[in-house]
Every structure is written in C-alpha cells, then in structure tokens.
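Scroll down for the structure; my scribbles are underneath it.
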Amino acid sequence: MQRHAVGNAGTFLVPTPRDFDFWRTAYSHGWCDLLPFSFDPEARGLTRVLELRDGSLVGCALRNTSRGVRVTCTGPSSLTPDQRKEIRLQIRTCLRLDEDFTPFHAAMRKVPAYRWMARHRAGRLLRAPTLFEDTVKMICTTNCAWHLTVVMVRAMVQKFGCHQHGMSGFPTPSVIAASSEQELRKECSTGYRAPALLDLAERVASGSLPLEEWRHSGLTTRELYEALCGIRGVGPYAAGNLLKLIGRYEYLGLDSWVRKRWAELHARGRAVKDRRIERHYEPFGAWRGLVFWLEMTQDWHDGAKGL
C-alpha cells in the first residue's frame, strides 16, 4: 500500500437538520465507548477512526457547532475529493443525519411526561458505519458486564483491525472469518461468543448473509426481527436493539439492566414481568422501543431529568 505523510488532513463542516442534537446522539448508548469510537464527556466530543474504500484510515474528531458538526481529520496529509465525500457519508450514517424524526417529536409533544424528548431533539442513536460492526458489538454485549464488552471489542480491533498512522480500524468480515475460534476465545476474551462471531463473519464475507442491505430493506419489521434472530448469537434482546440501529423501533430489546432501571422508575424497584413493561409502551406504536430507551437513559444527560 502506498505510504502517505501523516498529519492534519483538514477540517470541514457536516450540516445537520434542525431536529438534531449532537451530544444526545453521540452519547445515546454505549457505542461511543467502543473502538474505533472514543469520546470525551467533559468536552462533549466524539472521535471515530474510519476505514475508506481505498484502505486508508482517517481519524475524525467531531465537535458540535451552531452550523453543524465540525470534523477534523487526521491521517494522510491530504485527502482527495472522493475521500472527503466518503468521510461525510460515513459520518452522516453514524449520526443518523438522513433520518426524519419530525413524526417522533410531534408524537412526543402530545405526552406531557415525554415532551422533553422533542424539546431536546432526542431520538438518534449512534451507530457504526456498517451493520456488521453493529452486530459484532451487540453480540459482545450479551450475558456480560459492560467492562467485558469493552475488553472484547478493543482486543478484536487491536488484533484484527487495519493499523495505520497509530490508528486502528474495525476488523472486516474477511479478516475475522480467516481467524479461529481459539484466537477469538483466548486472545479476544469472547468466550462462548467465538463460534457466533466466526459464523457471522464467514457468512457476511461470503455474501450469503446480505447484512448491509437490511438497513434499507423493504422487509417488515417483524421479518427483519426474525432474520436477525436467525443469526447465530443474536436473540430477542440483541435483535430488538439492532433494529433500533436500523431505524425500526417496535421492539424493546430487554436485558437485566433496563429491567432494573424500569422497575426503579415505575415499580418502586420491584421486579416485574416483561409483559408489564411491554404494555406500558404499546400506546407509542412504531416508536415504542425508542421511547423506552430514551426514558431508561434520560439521566445520562445533564439537565435532562425532570424537564
């Protein structure tokens, strides 16, 4: 591969819609803490290492401005117009800038307890440039503490990712597919998840699993949910949350943390059956999974709780 000088590759602005809030998107869930993302909660900044189609790695530091998101790039000392265009597209994908949340905010304005969601332009959930990366990370959240998820993802990026200029990109399906269960278990701490991760990578790399097409699929949400559940290692919790990253919000994606959080908010800390939680959000129809997640994480954001 051709070597390039390393340095500041330029700064440009990505315009954002009026219903966009940068920090509520960047800090919407744990992806900001998983490589190749990183975040600075004090400065409210988000960083992402992007791998471009030509194999180049570019570090992108994102900051909010009154005119949009300012992106400062590090990597090759100069970027071509095509590279800049690709970076913009990937940033727009990660921040969900092309999704219309006007109907969601209009619905929330009618519910006094949830009006803050519209007022604070909440709703966008950070995602990876690819559904493959989102799925790998979601599998790594199953049946473990968050710390282990961070460890697993970091190890996979360090071992299998592309490395340039002191930066590391997320591993491609073909690279993980060429690894082994033993490597994934012992060197990446993935444990029982190793066979599922290997199977996922092999199917995506071979083209037998058209994962990326699902972000723009004409399938019903139920059909997409069943297709996701057909992936080894993806159950109801993981499928429900992956659907949110596709832009479908009919499923809650329950796990132990949100069950406990819901009980604290609505049942005086007493454990309840999942069906009770599901009934609570049924009135919100196609938005119910999003309403649920935003309520569960409302106190993550300064000034949000109780507004």
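Chains: A, B, ... in order of the structure tokens. Residues: from 1 per chain. Ligands: from 1, in order shown.
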
>> Report as number ranges by chain all protein, DNA and RNA residues lying within 9 Å of Leu95 (chain A), evaluated on only C-alpha atoms, omitting residues in the same chain fewer than 3 positions from it.
In response: A: 22, 25-26, 90-92, 98, 124-128

>> Can you tell me, as a PyMOL selection string, which residues in region 177-206 of chain A count as helix (DSSP H, G or I) by DSSP?
In response: chain A and resi 177+181-188+191-206

>> Taking 6 positions as the minimum chain separation for residues in the same chain, which residues sit within 8 Å of Pro173 (chain A) when counting only C-alpha atoms? Answer as a list in words.
In response: Phe132, Leu200, Ala201, Glu202, Val204 and Ala205 of chain A

>> Please determine, counting only C-alpha atoms, which residue among A:Val291, A:Cys94, A:Cys188, A:Ala155 has the shortest atom-to-atom distance to Ala107 (chain A).
In response: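 Closest candidate: A:Val291.
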
>> Just want the 9 Å neighbourhood of Ile87 (chain A), counted on only C-alpha atoms, with same-chain residues fewer than 5 positions away dropped. Output as a list in words.
In response: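 Contacts, with the query itself left out: Leu50, Glu51, Leu52, Val58, Cys60, Asp82 and Arg92 of chain A.
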
Given the selection you just returned, output its residues as a file containing C-alpha atoms, formatted as a PDB file, in the first residue's frame.
```
ATOM      1  CA  LEU A  50     -12.945   5.432   9.585  1.00  0.00           C
ATOM      2  CA  GLU A  51     -11.661   2.965   7.009  1.00  0.00           C
ATOM      3  CA  LEU A  52     -12.233   4.180   3.469  1.00  0.00           C
ATOM      4  CA  VAL A  58      -8.730   8.538   8.793  1.00  0.00           C
ATOM      5  CA  CYS A  60     -12.207  12.053  12.653  1.00  0.00           C
ATOM      6  CA  ASP A  82     -13.661  11.380  -3.225  1.00  0.00           C
ATOM      7  CA  ARG A  92     -23.889  11.047   8.240  1.00  0.00           C
TER       8      ARG A  92
END
```

> Which distance in Å separates CA of Lys244 (chain A) and CA of Tyr114 (chain A), to one decimal?
Replying inline: 18.6 Å

>> Taking 6 positions as the minimum chain separation for residues in the same chain, which residues sit within 7 Å of Ala238 (chain A) when counting only C-alpha atoms? Answer as a list of chain:residue names.
In response: A:Met138, A:Ile139, A:Gly253

> Counting only C-alpha atoms, what is within 12 Å of Gln83 (chain A), bar same-chain residues fewer than 2 positions away, as a list in words?
Replying inline: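 Near Gln83 (chain A), the qualifying residues are Ala9, Gly10, Leu50, Glu51, Leu52, Arg53, Asp54, Gly55, Ser56, Leu57, Val58, Cys73, Gly75, Pro76, Ser78, Leu79, Thr80, Pro81, Lys85, Glu86, Ile87, Arg88, Leu89 and Gln90 of chain A.
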
Those residues with N, CA and C atoms, as a compact mmCIF listing (two decimals), in the first residue's frame please?
```
# COMPACT_ATOMS: atom_id res chain seq x y z
N ALA A 9 -5.35 16.36 8.19
CA ALA A 9 -5.82 16.19 6.81
C ALA A 9 -6.94 17.16 6.46
N GLY A 10 -7.21 18.09 7.35
CA GLY A 10 -8.21 19.09 7.01
C GLY A 10 -9.42 19.06 7.93
N LEU A 50 -12.21 5.96 10.72
CA LEU A 50 -12.95 5.43 9.58
C LEU A 50 -11.98 4.74 8.63
N GLU A 51 -12.42 3.61 8.08
CA GLU A 51 -11.66 2.96 7.01
C GLU A 51 -12.36 3.24 5.70
N LEU A 52 -11.66 3.82 4.76
CA LEU A 52 -12.23 4.18 3.47
C LEU A 52 -12.11 3.03 2.48
N ARG A 53 -12.80 3.16 1.37
CA ARG A 53 -12.81 2.07 0.38
C ARG A 53 -11.43 1.76 -0.18
N ASP A 54 -10.56 2.77 -0.21
CA ASP A 54 -9.21 2.55 -0.75
C ASP A 54 -8.24 1.98 0.30
N GLY A 55 -8.76 1.68 1.49
CA GLY A 55 -7.93 1.10 2.54
C GLY A 55 -7.31 2.11 3.48
N SER A 56 -7.48 3.38 3.22
CA SER A 56 -6.93 4.42 4.09
C SER A 56 -7.70 4.50 5.40
N LEU A 57 -6.98 4.78 6.48
CA LEU A 57 -7.61 5.07 7.76
C LEU A 57 -7.54 6.57 8.01
N VAL A 58 -8.65 7.11 8.48
CA VAL A 58 -8.73 8.54 8.79
C VAL A 58 -9.35 8.69 10.17
N CYS A 73 -9.91 15.99 10.55
CA CYS A 73 -9.39 14.69 10.10
C CYS A 73 -7.88 14.59 10.33
N GLY A 75 -4.61 11.82 9.41
CA GLY A 75 -4.25 10.65 8.61
C GLY A 75 -3.38 11.08 7.48
N PRO A 76 -3.70 10.68 6.26
CA PRO A 76 -2.94 11.18 5.11
C PRO A 76 -2.94 12.70 5.12
N SER A 78 -3.13 14.80 2.91
CA SER A 78 -4.10 15.43 2.02
C SER A 78 -5.15 14.40 1.64
N LEU A 79 -6.38 14.85 1.57
CA LEU A 79 -7.49 13.97 1.20
C LEU A 79 -8.01 14.37 -0.17
N THR A 80 -8.35 13.39 -0.98
CA THR A 80 -8.92 13.66 -2.29
C THR A 80 -10.38 14.05 -2.12
N PRO A 81 -10.98 14.68 -3.12
CA PRO A 81 -12.41 14.99 -3.04
C PRO A 81 -13.26 13.75 -2.81
N LYS A 85 -15.74 13.05 0.38
CA LYS A 85 -17.14 12.69 0.18
C LYS A 85 -17.49 11.43 0.96
N GLU A 86 -16.59 10.44 0.92
CA GLU A 86 -16.86 9.19 1.63
C GLU A 86 -16.88 9.42 3.14
N ILE A 87 -15.97 10.25 3.64
CA ILE A 87 -15.96 10.55 5.07
C ILE A 87 -17.28 11.20 5.49
N ARG A 88 -17.74 12.16 4.70
CA ARG A 88 -19.01 12.81 5.00
C ARG A 88 -20.15 11.81 5.05
N LEU A 89 -20.19 10.90 4.08
CA LEU A 89 -21.26 9.91 4.04
C LEU A 89 -21.22 8.99 5.26
N GLN A 90 -20.02 8.57 5.65
CA GLN A 90 -19.91 7.69 6.81
C GLN A 90 -20.31 8.42 8.10
```

>> Residues of region 41-288 of chain A classed as strand (DSSP E or B) by DSSP on the backbone are to be reported as a PyMOL selection string.
In response: chain A and resi 45-51+57-65+68-76+163-164+167-168

Proximity check region 21-136 of chain A to region 280-290 of chain A, 12 Å, nearest pairs one decimal Å, only C-alpha atoms, as CSV:
```
residue,atom,partner,partner_atom,distance
A:Ser28,CA,A:Leu290,CA,10.9
A:His29,CA,A:Leu290,CA,11.9
A:Phe101,CA,A:Trp287,CA,10.3
A:Pro103,CA,A:Trp287,CA,9.6
A:Phe104,CA,A:Trp287,CA,7.0
A:His105,CA,A:Trp287,CA,10.2
A:Ala106,CA,A:Trp287,CA,11.5
A:Ala107,CA,A:Phe284,CA,8.3
A:Met108,CA,A:Phe284,CA,9.0
A:Lys110,CA,A:Phe284,CA,11.0
A:Val111,CA,A:Phe284,CA,10.0
A:Tyr114,CA,A:Phe284,CA,11.1
A:Met117,CA,A:Leu290,CA,10.2
A:Ala122,CA,A:Leu290,CA,9.6
A:Gly123,CA,A:Leu290,CA,6.9
A:Arg124,CA,A:Leu290,CA,9.0
A:Leu125,CA,A:Leu290,CA,9.1
```

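Counting from CA of Leu252 (chain A), the distance to CA of Gly230 (chain A) is 18.1 Å.
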
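Close contacts of Ser66 (chain A), defined as residues with an atom at most 12 Å away when counting only C-alpha atoms, with chain neighbours fewer than 4 positions off set aside, comprise Leu13, Val14, Pro15, Thr16, Pro17, Arg18, Phe20, Asp21, Phe22 and Arg70 of chain A.
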
Could those residues be written to a file, using N, CA and C atoms, as a compact mmCIF listing (two decimals), in the first residue's frame?
```
# COMPACT_ATOMS: atom_id res chain seq x y z
N LEU A 13 -17.16 21.00 7.59
CA LEU A 13 -18.43 21.03 8.32
C LEU A 13 -19.42 20.07 7.68
N VAL A 14 -20.11 19.31 8.51
CA VAL A 14 -21.20 18.46 8.05
C VAL A 14 -22.51 19.11 8.52
N PRO A 15 -23.32 19.62 7.62
CA PRO A 15 -24.59 20.25 8.02
C PRO A 15 -25.50 19.26 8.72
N THR A 16 -26.29 19.75 9.65
CA THR A 16 -27.20 18.89 10.42
C THR A 16 -28.62 19.44 10.36
N PRO A 17 -29.62 18.57 10.48
CA PRO A 17 -31.01 19.03 10.46
C PRO A 17 -31.37 19.75 11.76
N ARG A 18 -32.47 20.47 11.75
CA ARG A 18 -32.88 21.25 12.90
C ARG A 18 -33.23 20.38 14.09
N PHE A 20 -31.70 17.83 15.23
CA PHE A 20 -30.52 17.05 15.63
C PHE A 20 -29.86 17.65 16.88
N ASP A 21 -29.50 16.80 17.83
CA ASP A 21 -28.70 17.21 18.98
C ASP A 21 -27.45 16.35 19.00
N PHE A 22 -26.29 16.97 18.85
CA PHE A 22 -25.05 16.22 18.71
C PHE A 22 -24.76 15.33 19.91
N ARG A 70 -18.47 19.92 13.18
CA ARG A 70 -17.14 20.17 12.64
C ARG A 70 -16.33 18.89 12.73
```

> For Arg193 (chain A), which residue among A:Thr102, A:Asn8, A:Thr72, A:Thr142 is the nearest when counting only C-alpha atoms?
Replying inline: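 Selected residue with least distance to Arg193 (chain A): A:Thr142.
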
>> When you count only C-alpha atoms, which of these residues is closest to Tyr225 (chain A): A:Glu212, A:Asp19, A:Ala239, A:Ala61?
In response: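 Under the stated criterion, the closest residue is A:Ala239.
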
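One finds CA of Trp31 (chain A) at 21.6 Å from CA of Val175 (chain A).
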
> From the list A:Glu264, A:Pro41, A:Trp300, A:Gly247, which residue is nearest Asp100 (chain A) when using only C-alpha atoms?
Replying inline: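 The answer is A:Gly247, which sits nearest to Asp100 (chain A).
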
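Shortest separation to Thr74 (chain A) among A:Gly166, A:Gly269, A:Gly45, A:Pro171 occurs at residue A:Gly166, atoms counted being only C-alpha atoms.
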
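Nearest to Trp214 (chain A) of all the residues A:Val69, A:Val136, A:Cys32, A:Ile246 is A:Ile246, counting only C-alpha atoms.
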